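Asker: I'd like to ask you about the structure that follows.
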Amino acid sequence: MDYYRVIMHPVSEFRRYGRNTLRGRWKNAAFVCILYLILGSFPQVLWDVLTDRIYLGAAEYTEEAVSGFYSFFIYSVFMLGMAAYFLNMSRGRQQNPLDVLNGFEYIAKAMGLAFMTLLFTLLWGILFIVPGIIAAVRYSQAFYILAEHPEYSVMRCINESKYLMHGNKWKYFFMILSFSGWIILSLIPLSVFEFYISDMEYSAWFNLAGTVLAVPLCWVNAYINASSADFYNVLIGKMD
């Protein structure tokens with residue numbers, strides 16, 4: 001990737017870009033995020049309801065391992081699928097919400113990229129929390145790069161992201177940070193629910209209710225993803 005620029009746009013400009021991208025398409029974008037929420041949490045919720053979290057000995061540890069792998073699998077697929085979906089949306093291309101599942105086409109690379117970025121971030125985070133945050137921001141463009149260039153190797157996507165984010169890390173960090181108010185607001189229903197059930201005996205149905213109450217966060221997630229896709233477009237010179 002030959003293009004490189006230091007972004008001078010104010011953070012508010014990217015939120016405006018994101019709103020423009022979502023104009024008339026909020027429902028579809030939110031549906032994509034809800035799909036991720038459902039697929040990511042439903043198997044665990046179903047298991048909890050069926051077993052009601054009874055002690056299962058070794059089987060319980062097996063369930064936790066399988067659940068962890070499944071979560072990583074879904075995370076990998078949707079990171080790539082959502083990157084491609086919102087990137088296409090930001091460029092005015094017609095999108096079907098189920099296109100987000102196209103991430104399965106490159107599942108091996110998606111999982112490899114997710115593993116390596118998480119590993120590098122964790123290793124930097126061991127030093128201190130700030131290096132970990134900087135590392136996460138440094139690799140933030142890797143899935144957009146893979147979505148646009150599926151022929152690239154995992155390490156090339158990571159290196160290209162590092163190159164693009166040189167001089168732009170704090171701009172991206174403050175852009176994500178600027179959504180904090182919306183995130184807090186969207187989590188109020190879930191927070192109130194958890195406050196009221198905190199003294200109650202655990203029930204597996206609480207997880208299901210918690211998943212439903214997390215749906216408002218999906219609208220904020222769509223807003224963040226659209227703005228982030230526009231940030232990438234500016235980085236590579238496809239938007240001014």
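Note on naming: chains are A, B, ... as they come in the structure tokens, residues start from 1 per chain, ligands start from 1 in the order shown.
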Please run DSSP on the backbone and report, as a ChimeraX atom specification, all residues within segment 7-234 of chain A that come out as helix (DSSP H, G or I).
Answerer: /A:11-22,26-51,58-90,97-127,129-138,142-148,154-165,169-177,180-186,188-197,205-213,216-234
Asker: Excluding same-chain residues fewer than 4 positions from Phe31 of chain A, what lies within 12 Å of it counting only C-alpha atoms, as a PyMOL selection string?
Answerer: chain A and resi 25-27+35-38+82+85+96-100+215-222
Asker: Pull N, CA, C and O atoms from the residues just selected and write them as a PDB file, in the first residue's frame.
Answerer:
```pdb
ATOM      1  N   ARG A  25     -30.363   3.831   6.146  1.00  0.00           N
ATOM      2  CA  ARG A  25     -29.917   2.432   6.244  1.00  0.00           C
ATOM      3  C   ARG A  25     -29.621   2.022   7.684  1.00  0.00           C
ATOM      4  O   ARG A  25     -28.937   1.031   7.931  1.00  0.00           O
ATOM      5  N   TRP A  26     -30.150   2.781   8.631  1.00  0.00           N
ATOM      6  CA  TRP A  26     -29.904   2.480  10.038  1.00  0.00           C
ATOM      7  C   TRP A  26     -30.401   1.087  10.420  1.00  0.00           C
ATOM      8  O   TRP A  26     -29.712   0.351  11.138  1.00  0.00           O
ATOM      9  N   LYS A  27     -31.609   0.727   9.949  1.00  0.00           N
ATOM     10  CA  LYS A  27     -32.203  -0.554  10.350  1.00  0.00           C
ATOM     11  C   LYS A  27     -31.348  -1.729   9.881  1.00  0.00           C
ATOM     12  O   LYS A  27     -31.111  -2.670  10.631  1.00  0.00           O
ATOM     13  N   LEU A  35     -27.480  -9.374  14.641  1.00  0.00           N
ATOM     14  CA  LEU A  35     -27.156 -10.735  14.202  1.00  0.00           C
ATOM     15  C   LEU A  35     -25.891 -11.228  14.897  1.00  0.00           C
ATOM     16  O   LEU A  35     -25.817 -12.388  15.333  1.00  0.00           O
ATOM     17  N   TYR A  36     -24.904 -10.353  14.995  1.00  0.00           N
ATOM     18  CA  TYR A  36     -23.659 -10.700  15.694  1.00  0.00           C
ATOM     19  C   TYR A  36     -23.942 -10.990  17.164  1.00  0.00           C
ATOM     20  O   TYR A  36     -23.432 -11.963  17.738  1.00  0.00           O
ATOM     21  N   LEU A  37     -24.783 -10.143  17.784  1.00  0.00           N
ATOM     22  CA  LEU A  37     -25.131 -10.327  19.196  1.00  0.00           C
ATOM     23  C   LEU A  37     -25.828 -11.663  19.407  1.00  0.00           C
ATOM     24  O   LEU A  37     -25.498 -12.413  20.342  1.00  0.00           O
ATOM     25  N   ILE A  38     -26.770 -12.004  18.511  1.00  0.00           N
ATOM     26  CA  ILE A  38     -27.527 -13.253  18.655  1.00  0.00           C
ATOM     27  C   ILE A  38     -26.630 -14.469  18.452  1.00  0.00           C
ATOM     28  O   ILE A  38     -26.612 -15.391  19.267  1.00  0.00           O
ATOM     29  N   MET A  82     -18.223  -7.647   8.964  1.00  0.00           N
ATOM     30  CA  MET A  82     -18.693  -6.294   9.256  1.00  0.00           C
ATOM     31  C   MET A  82     -17.773  -5.248   8.638  1.00  0.00           C
ATOM     32  O   MET A  82     -18.239  -4.193   8.194  1.00  0.00           O
ATOM     33  N   TYR A  85     -18.882  -5.208   5.070  1.00  0.00           N
ATOM     34  CA  TYR A  85     -20.238  -4.675   4.951  1.00  0.00           C
ATOM     35  C   TYR A  85     -20.254  -3.153   5.090  1.00  0.00           C
ATOM     36  O   TYR A  85     -20.814  -2.440   4.246  1.00  0.00           O
ATOM     37  N   ASN A  96     -26.926  -6.224   1.191  1.00  0.00           N
ATOM     38  CA  ASN A  96     -27.897  -7.066   1.888  1.00  0.00           C
ATOM     39  C   ASN A  96     -27.312  -7.351   3.272  1.00  0.00           C
ATOM     40  O   ASN A  96     -26.144  -7.730   3.370  1.00  0.00           O
ATOM     41  N   PRO A  97     -28.099  -7.162   4.341  1.00  0.00           N
ATOM     42  CA  PRO A  97     -27.538  -7.387   5.678  1.00  0.00           C
ATOM     43  C   PRO A  97     -26.874  -8.751   5.855  1.00  0.00           C
ATOM     44  O   PRO A  97     -25.894  -8.875   6.593  1.00  0.00           O
ATOM     45  N   LEU A  98     -27.373  -9.765   5.152  1.00  0.00           N
ATOM     46  CA  LEU A  98     -26.797 -11.100   5.283  1.00  0.00           C
ATOM     47  C   LEU A  98     -25.436 -11.213   4.594  1.00  0.00           C
ATOM     48  O   LEU A  98     -24.748 -12.234   4.743  1.00  0.00           O
ATOM     49  N   ASP A  99     -25.051 -10.160   3.859  1.00  0.00           N
ATOM     50  CA  ASP A  99     -23.712 -10.152   3.244  1.00  0.00           C
ATOM     51  C   ASP A  99     -22.620 -10.202   4.307  1.00  0.00           C
ATOM     52  O   ASP A  99     -21.480 -10.546   4.010  1.00  0.00           O
ATOM     53  N   VAL A 100     -22.991  -9.848   5.547  1.00  0.00           N
ATOM     54  CA  VAL A 100     -22.001  -9.868   6.628  1.00  0.00           C
ATOM     55  C   VAL A 100     -21.477 -11.288   6.859  1.00  0.00           C
ATOM     56  O   VAL A 100     -20.376 -11.476   7.378  1.00  0.00           O
ATOM     57  N   VAL A 215     -29.636  -4.988  23.098  1.00  0.00           N
ATOM     58  CA  VAL A 215     -29.947  -4.628  21.708  1.00  0.00           C
ATOM     59  C   VAL A 215     -29.742  -3.140  21.416  1.00  0.00           C
ATOM     60  O   VAL A 215     -29.240  -2.791  20.342  1.00  0.00           O
ATOM     61  N   PRO A 216     -30.122  -2.209  22.321  1.00  0.00           N
ATOM     62  CA  PRO A 216     -29.874  -0.782  22.023  1.00  0.00           C
ATOM     63  C   PRO A 216     -28.422  -0.473  21.692  1.00  0.00           C
ATOM     64  O   PRO A 216     -28.134   0.434  20.907  1.00  0.00           O
ATOM     65  N   LEU A 217     -27.501  -1.236  22.268  1.00  0.00           N
ATOM     66  CA  LEU A 217     -26.086  -1.020  21.988  1.00  0.00           C
ATOM     67  C   LEU A 217     -25.755  -1.303  20.525  1.00  0.00           C
ATOM     68  O   LEU A 217     -24.780  -0.764  19.992  1.00  0.00           O
ATOM     69  N   CYS A 218     -26.585  -2.114  19.862  1.00  0.00           N
ATOM     70  CA  CYS A 218     -26.339  -2.457  18.459  1.00  0.00           C
ATOM     71  C   CYS A 218     -26.460  -1.230  17.552  1.00  0.00           C
ATOM     72  O   CYS A 218     -25.767  -1.137  16.541  1.00  0.00           O
ATOM     73  N   TRP A 219     -27.346  -0.302  17.892  1.00  0.00           N
ATOM     74  CA  TRP A 219     -27.454   0.928  17.098  1.00  0.00           C
ATOM     75  C   TRP A 219     -26.187   1.766  17.241  1.00  0.00           C
ATOM     76  O   TRP A 219     -25.709   2.346  16.264  1.00  0.00           O
ATOM     77  N   VAL A 220     -25.660   1.822  18.446  1.00  0.00           N
ATOM     78  CA  VAL A 220     -24.410   2.557  18.672  1.00  0.00           C
ATOM     79  C   VAL A 220     -23.265   1.850  17.951  1.00  0.00           C
ATOM     80  O   VAL A 220     -22.397   2.499  17.352  1.00  0.00           O
ATOM     81  N   ASN A 221     -23.269   0.522  18.002  1.00  0.00           N
ATOM     82  CA  ASN A 221     -22.228  -0.256  17.332  1.00  0.00           C
ATOM     83  C   ASN A 221     -22.248   0.008  15.826  1.00  0.00           C
ATOM     84  O   ASN A 221     -21.196   0.121  15.186  1.00  0.00           O
ATOM     85  N   ALA A 222     -23.448   0.116  15.254  1.00  0.00           N
ATOM     86  CA  ALA A 222     -23.563   0.421  13.824  1.00  0.00           C
ATOM     87  C   ALA A 222     -22.987   1.804  13.526  1.00  0.00           C
ATOM     88  O   ALA A 222     -22.288   1.999  12.517  1.00  0.00           O
TER      89      ALA A 222
END
```
Asker: Write out as a PyMOL selection string the residues lying within 12 Å of Phe231 of chain A, counting only C-alpha atoms and excluding same-chain residues fewer than 5 positions away.
Answerer: chain A and resi 5-18+21+83+86-87+90+140-141+144+164-165+168-169+171-173+175-176+224-226+236-240
Asker: Any chance you can output those residues with N, CA and C atoms as a compact mmCIF listing (two decimals), in the first residue's frame?
Answerer:
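Saved file selection-v4.txt follows:
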```txt
# COMPACT_ATOMS: atom_id res chain seq x y z
N ARG A 5 -1.16 9.12 4.76
CA ARG A 5 -1.48 10.50 5.11
C ARG A 5 -1.73 10.61 6.61
N VAL A 6 -1.44 11.79 7.13
CA VAL A 6 -1.78 12.10 8.51
C VAL A 6 -3.09 12.86 8.48
N ILE A 7 -4.09 12.33 9.16
CA ILE A 7 -5.44 12.90 9.11
C ILE A 7 -5.51 14.17 9.95
N MET A 8 -6.07 15.22 9.36
CA MET A 8 -6.23 16.49 10.04
C MET A 8 -7.69 16.78 10.40
N HIS A 9 -8.61 15.90 9.96
CA HIS A 9 -10.03 16.11 10.22
C HIS A 9 -10.32 16.10 11.72
N PRO A 10 -11.26 16.93 12.18
CA PRO A 10 -11.69 16.82 13.58
C PRO A 10 -12.48 15.54 13.79
N VAL A 11 -12.50 15.06 15.01
CA VAL A 11 -13.21 13.82 15.33
C VAL A 11 -14.69 13.90 14.95
N SER A 12 -15.29 15.05 15.16
CA SER A 12 -16.72 15.22 14.86
C SER A 12 -17.03 14.99 13.38
N GLU A 13 -16.03 15.22 12.52
CA GLU A 13 -16.23 15.04 11.09
C GLU A 13 -16.49 13.57 10.75
N PHE A 14 -15.82 12.67 11.47
CA PHE A 14 -16.01 11.25 11.20
C PHE A 14 -17.37 10.77 11.69
N ARG A 15 -17.85 11.33 12.78
CA ARG A 15 -19.21 11.00 13.22
C ARG A 15 -20.22 11.48 12.20
N ARG A 16 -19.97 12.65 11.62
CA ARG A 16 -20.87 13.15 10.58
C ARG A 16 -20.83 12.25 9.35
N TYR A 17 -19.62 11.82 8.96
CA TYR A 17 -19.50 10.88 7.85
C TYR A 17 -20.30 9.62 8.14
N GLY A 18 -20.18 9.13 9.39
CA GLY A 18 -20.89 7.92 9.77
C GLY A 18 -22.39 8.08 9.66
N THR A 21 -23.39 8.00 6.06
CA THR A 21 -23.34 6.63 5.54
C THR A 21 -24.59 5.85 5.95
N ALA A 83 -16.48 -5.54 8.59
CA ALA A 83 -15.56 -4.60 7.94
C ALA A 83 -15.93 -4.45 6.47
N PHE A 86 -19.64 -2.65 6.15
CA PHE A 86 -19.67 -1.20 6.38
C PHE A 86 -18.76 -0.45 5.41
N LEU A 87 -17.73 -1.11 4.93
CA LEU A 87 -16.87 -0.49 3.93
C LEU A 87 -17.65 -0.29 2.63
N SER A 90 -20.26 2.44 3.12
CA SER A 90 -19.68 3.78 3.13
C SER A 90 -19.34 4.27 1.73
N SER A 140 -6.00 -1.65 14.23
CA SER A 140 -7.45 -1.48 14.03
C SER A 140 -7.89 -1.51 12.58
N GLN A 141 -7.00 -1.27 11.65
CA GLN A 141 -7.38 -1.23 10.23
C GLN A 141 -7.15 -2.56 9.52
N TYR A 144 -10.18 -4.18 7.75
CA TYR A 144 -10.60 -3.42 6.55
C TYR A 144 -9.66 -3.75 5.39
N LEU A 164 -0.53 2.55 8.03
CA LEU A 164 -1.58 3.55 7.88
C LEU A 164 -1.81 4.35 9.16
N MET A 165 -1.64 3.70 10.31
CA MET A 165 -1.95 4.35 11.57
C MET A 165 -0.80 5.18 12.12
N ASN A 168 -1.63 8.60 13.18
CA ASN A 168 -3.10 8.70 13.23
C ASN A 168 -3.71 7.95 14.40
N LYS A 169 -2.89 7.36 15.24
CA LYS A 169 -3.42 6.52 16.32
C LYS A 169 -4.28 7.31 17.31
N LYS A 171 -5.82 10.10 16.84
CA LYS A 171 -7.05 10.58 16.18
C LYS A 171 -8.12 9.49 16.22
N TYR A 172 -7.71 8.26 15.90
CA TYR A 172 -8.65 7.14 15.92
C TYR A 172 -9.13 6.85 17.34
N PHE A 173 -8.20 6.89 18.28
CA PHE A 173 -8.55 6.62 19.68
C PHE A 173 -9.59 7.62 20.18
N MET A 175 -11.62 9.37 18.37
CA MET A 175 -12.87 9.18 17.65
C MET A 175 -13.72 8.11 18.33
N ILE A 176 -13.10 6.96 18.67
CA ILE A 176 -13.82 5.90 19.37
C ILE A 176 -14.27 6.38 20.74
N ILE A 224 -20.66 3.38 15.25
CA ILE A 224 -19.20 3.30 15.39
C ILE A 224 -18.58 2.64 14.16
N ASN A 225 -19.18 1.54 13.70
CA ASN A 225 -18.64 0.82 12.55
C ASN A 225 -18.69 1.65 11.27
N ALA A 226 -19.76 2.40 11.09
CA ALA A 226 -19.87 3.25 9.90
C ALA A 226 -18.82 4.36 9.93
N ILE A 236 -6.92 5.96 3.30
CA ILE A 236 -6.36 5.49 2.03
C ILE A 236 -6.66 6.44 0.88
N GLY A 237 -7.24 7.60 1.19
CA GLY A 237 -7.44 8.62 0.16
C GLY A 237 -8.67 8.47 -0.68
N LYS A 238 -9.64 7.64 -0.25
CA LYS A 238 -10.87 7.48 -1.02
C LYS A 238 -11.97 8.44 -0.56
N MET A 239 -11.69 9.20 0.50
CA MET A 239 -12.58 10.27 0.94
C MET A 239 -11.70 11.44 1.36
N ASP A 240 -12.21 12.64 1.19
CA ASP A 240 -11.48 13.84 1.61
C ASP A 240 -11.94 14.29 2.99
```
Asker: Can you pull out the residues contacting Pro189 of chain A? Cut-off 12 Å, using only C-alpha atoms, and skip same-chain residues under 4 positions away; I want them as a list in words.
Answerer: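 The filter keeps Ile183, Ile184, Leu185, Phe193, Glu194, Phe195, Tyr196, Ala209, Gly210, Thr211, Val212, Leu213, Ala214, Val215, Pro216 and Leu217 of chain A.
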Asker: Near segment 153-161 of chain A, counting only C-alpha atoms, which residues have an atom at most 10 Å away, once you skip same-chain residues fewer than 3 positions from it, shown as JSON, numbers by chain?
Answerer: {"A": [1, 2, 108, 109, 110, 111, 112, 113, 114, 115, 116, 117, 137, 138, 139, 140, 141, 142, 143, 144, 145, 146, 147, 149, 150, 164, 165, 166, 232]}
Asker: Write a file of the selected residues as a short mmCIF file (atom, residue, chain, number, x, y, z; two decimals), in the first residue's frame, keeping N, CA and C atoms.
Answerer:
```
data_model
loop_
_atom_site.label_atom_id
_atom_site.label_comp_id
_atom_site.auth_asym_id
_atom_site.auth_seq_id
_atom_site.Cartn_x
_atom_site.Cartn_y
_atom_site.Cartn_z
N MET A 1 0.86 -1.19 0.00
CA MET A 1 0.00 0.00 0.00
C MET A 1 0.89 1.23 0.00
N ASP A 2 0.74 2.04 -1.04
CA ASP A 2 1.63 3.19 -1.21
C ASP A 2 1.08 4.46 -0.57
N ALA A 108 -10.33 -18.93 7.44
CA ALA A 108 -8.98 -19.25 7.94
C ALA A 108 -8.16 -17.98 8.15
N LYS A 109 -8.19 -17.08 7.16
CA LYS A 109 -7.46 -15.82 7.30
C LYS A 109 -8.07 -14.94 8.39
N ALA A 110 -9.40 -14.94 8.47
CA ALA A 110 -10.07 -14.13 9.49
C ALA A 110 -9.66 -14.57 10.88
N MET A 111 -9.63 -15.88 11.11
CA MET A 111 -9.24 -16.39 12.42
C MET A 111 -7.75 -16.16 12.69
N GLY A 112 -6.95 -16.30 11.64
CA GLY A 112 -5.51 -16.04 11.80
C GLY A 112 -5.25 -14.59 12.14
N LEU A 113 -5.97 -13.68 11.46
CA LEU A 113 -5.78 -12.25 11.72
C LEU A 113 -6.28 -11.89 13.11
N ALA A 114 -7.42 -12.43 13.50
CA ALA A 114 -7.95 -12.16 14.84
C ALA A 114 -6.98 -12.66 15.91
N PHE A 115 -6.44 -13.85 15.70
CA PHE A 115 -5.52 -14.43 16.69
C PHE A 115 -4.25 -13.58 16.81
N MET A 116 -3.66 -13.19 15.68
CA MET A 116 -2.40 -12.46 15.72
C MET A 116 -2.59 -11.06 16.31
N THR A 117 -3.66 -10.37 15.94
CA THR A 117 -3.88 -9.02 16.48
C THR A 117 -4.16 -9.09 17.99
N VAL A 137 -5.13 0.01 18.76
CA VAL A 137 -5.40 1.05 17.76
C VAL A 137 -4.52 0.86 16.53
N ARG A 138 -3.27 0.48 16.75
CA ARG A 138 -2.33 0.28 15.65
C ARG A 138 -2.82 -0.78 14.67
N TYR A 139 -3.47 -1.82 15.19
CA TYR A 139 -3.92 -2.92 14.33
C TYR A 139 -5.40 -2.79 13.93
N SER A 140 -6.00 -1.65 14.23
CA SER A 140 -7.45 -1.48 14.03
C SER A 140 -7.89 -1.51 12.58
N GLN A 141 -7.00 -1.27 11.65
CA GLN A 141 -7.38 -1.23 10.23
C GLN A 141 -7.15 -2.56 9.52
N ALA A 142 -6.63 -3.54 10.23
CA ALA A 142 -6.23 -4.80 9.60
C ALA A 142 -7.39 -5.51 8.92
N PHE A 143 -8.56 -5.53 9.55
CA PHE A 143 -9.70 -6.24 8.95
C PHE A 143 -10.26 -5.50 7.75
N TYR A 144 -10.18 -4.18 7.75
CA TYR A 144 -10.60 -3.42 6.55
C TYR A 144 -9.66 -3.75 5.39
N ILE A 145 -8.39 -3.86 5.69
CA ILE A 145 -7.41 -4.17 4.65
C ILE A 145 -7.65 -5.57 4.10
N LEU A 146 -7.93 -6.54 4.98
CA LEU A 146 -8.21 -7.90 4.52
C LEU A 146 -9.51 -7.94 3.71
N ALA A 147 -10.51 -7.16 4.14
CA ALA A 147 -11.78 -7.13 3.41
C ALA A 147 -11.59 -6.59 2.00
N HIS A 149 -8.56 -6.48 0.43
CA HIS A 149 -7.51 -7.25 -0.27
C HIS A 149 -7.44 -8.67 0.32
N PRO A 150 -8.42 -9.52 0.00
CA PRO A 150 -8.43 -10.87 0.59
C PRO A 150 -7.23 -11.72 0.18
N LEU A 164 -0.53 2.55 8.03
CA LEU A 164 -1.58 3.55 7.88
C LEU A 164 -1.81 4.35 9.16
N MET A 165 -1.64 3.70 10.31
CA MET A 165 -1.95 4.35 11.57
C MET A 165 -0.80 5.18 12.12
N HIS A 166 0.33 5.17 11.43
CA HIS A 166 1.46 6.00 11.87
C HIS A 166 1.04 7.47 11.84
N TYR A 232 -11.24 4.76 7.65
CA TYR A 232 -10.35 3.99 6.78
C TYR A 232 -10.34 4.57 5.37
#
```
Asker: Could you state the separation of atom CA of Phe73 of chain A and atom CA of Gly125 of chain A in Å, given to one decimal place?
Answerer: 22.5 Å
Asker: How far is it from atom CA of Tyr163 of chain A to atom CA of Asn233 of chain A, in Å with one decimal?
Answerer: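 Computing it gives 14.7 Å between the two atoms.
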Asker: Please indicate the distance in Å from atom CA of Gly40 of chain A to atom CA of Tyr223 of chain A, rounded to one decimal place.
Answerer: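 Between these atoms lies a distance of 19.6 Å.
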Asker: Which is closer to Glu105 of chain A than all the others in A:Thr121, A:Ser178, A:Asn28, A:Ser76, using only C-alpha atoms?
Answerer: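 Among A:Thr121, A:Ser178, A:Asn28, A:Ser76, it is A:Ser76 that comes nearest to Glu105 of chain A.
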